[in-house]
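*Asks:* One structure, as structure tokens, below. Some questions next.
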Amino acid sequence: QVQLVESGGGLVQAGGSLRLSCASSATIYSFYVIAWYRQAPGKQREFLAFITPGGGTNYADSVKGRFTISRDNAKNTVDLQMNSLKPEDTAVYFCNAKTGRLEGWGQGTQVTVSS
């Protein structure tokens with residue numbers, strides 16, 4: 001069973017920063033590709049970034065240069081550093097872990113950016 005727990009969401013003013021964390025087991029952390037997605041009200045879930053077990057990364061164009069995904073080996077977390085936040089970044093942010101046909105999602109954390 002793939003269990004993930006997101007944390008770090010909250011309310012921030014436009015231009016501010018937040019750091020989200022996705023906690024998982026050591027096995028998931030070591031062997032799964034972990035990604036961040038978000039879903040705004042009335043919109044489809046949107047891919048943001050992923051990081052491989054080896055540290056390779058990929059970003060959606062919409063967040064490239066503002067968001068950074070990274071691995072914290074001491075905590076078994078995958079973090080998403082979000083800078084220069086905009087009101088349109090307001091959404092529920094989810095982490096996803098996948099390997100082969102095994103996949104799981106966290107429960108999500110709310111990020112609200114005020115103008």
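Identifiers in the structure tokens: chain A, B, ... in order shown; residue index from 1 per chain; ligand index from 1 in order shown.
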Neighbouring residues of A:Arg19 were defined as those with any atom within 12 Å, considering only C-alpha atoms; residues of the same chain fewer than 4 positions away were excluded. Please report them as a PyMOL selection string.
*Replies:* chain A and resi 6-12+66-70+77-85+93+109+111
*Asks:* If you run DSSP on the backbone here, which positions in chain A get strand (DSSP E or B)? Please write them as a ChimeraX atom specification.
*Replies:* /A:5-7,10-13,18-23,33-39,46-51,57-59,64,67-72,77-82,91-99,102-105,109-114
*Asks:* A:Ser24, A:Ser62, A:Ser30, A:Gln39: which is nearest A:Gly106, counting only C-alpha atoms?
*Replies:* A:Ser24
*Asks:* Determine the nearest neighbour of A:Phe50 from the options A:Asn73, A:Gln3, A:Ser114, A:Phe94, counting only C-alpha atoms.
*Replies:*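 Selected residue with least distance to A:Phe50: A:Phe94.
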*Asks:* Of the candidates A:Gln110, A:Asn76, A:Gln1, A:Thr99, which one gets nearest to A:Cys22 if we count only C-alpha atoms?
*Replies:*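 Ranked by minimum distance to A:Cys22, first place goes to A:Asn76.
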*Asks:* Which is closer to A:Tyr32 than all the others in A:Leu4, A:Leu18, A:Val113, A:Val92, using only C-alpha atoms?
*Replies:*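 Under the stated criterion, the closest residue is A:Leu4.
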*Asks:* As a list in words, list the residues of chain A assigned to alpha helix (DSSP H) by DSSP on the backbone atoms of this structure.
*Replies:*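 Everything in chain A that counts as alpha helix (DSSP H) is Ala26, Thr27, Ile28, Tyr29, Ser30 and Phe31 of chain A.
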*Asks:* How would the residues just picked look written out with N, CA, C and O atoms as a PDB file, in the first residue's frame?
*Replies:*
ATOM      1  N   ALA A  26      10.408   4.417   3.776  1.00  0.00           N
ATOM      2  CA  ALA A  26      11.741   4.351   3.187  1.00  0.00           C
ATOM      3  C   ALA A  26      11.707   3.634   1.838  1.00  0.00           C
ATOM      4  O   ALA A  26      12.419   4.016   0.904  1.00  0.00           O
ATOM      5  N   THR A  27      10.866   2.603   1.706  1.00  0.00           N
ATOM      6  CA  THR A  27      10.786   1.863   0.441  1.00  0.00           C
ATOM      7  C   THR A  27      10.251   2.741  -0.677  1.00  0.00           C
ATOM      8  O   THR A  27      10.804   2.770  -1.778  1.00  0.00           O
ATOM      9  N   ILE A  28       9.181   3.453  -0.390  1.00  0.00           N
ATOM     10  CA  ILE A  28       8.613   4.328  -1.416  1.00  0.00           C
ATOM     11  C   ILE A  28       9.610   5.416  -1.782  1.00  0.00           C
ATOM     12  O   ILE A  28       9.851   5.711  -2.954  1.00  0.00           O
ATOM     13  N   TYR A  29      10.226   5.991  -0.779  1.00  0.00           N
ATOM     14  CA  TYR A  29      11.181   7.065  -1.017  1.00  0.00           C
ATOM     15  C   TYR A  29      12.330   6.592  -1.905  1.00  0.00           C
ATOM     16  O   TYR A  29      12.818   7.319  -2.761  1.00  0.00           O
ATOM     17  N   SER A  30      12.760   5.345  -1.685  1.00  0.00           N
ATOM     18  CA  SER A  30      13.954   4.851  -2.378  1.00  0.00           C
ATOM     19  C   SER A  30      13.677   4.353  -3.788  1.00  0.00           C
ATOM     20  O   SER A  30      14.571   4.382  -4.636  1.00  0.00           O
ATOM     21  N   PHE A  31      12.463   3.878  -4.046  1.00  0.00           N
ATOM     22  CA  PHE A  31      12.233   3.172  -5.304  1.00  0.00           C
ATOM     23  C   PHE A  31      11.155   3.767  -6.209  1.00  0.00           C
ATOM     24  O   PHE A  31      11.018   3.324  -7.351  1.00  0.00           O
TER      25      PHE A  31
END
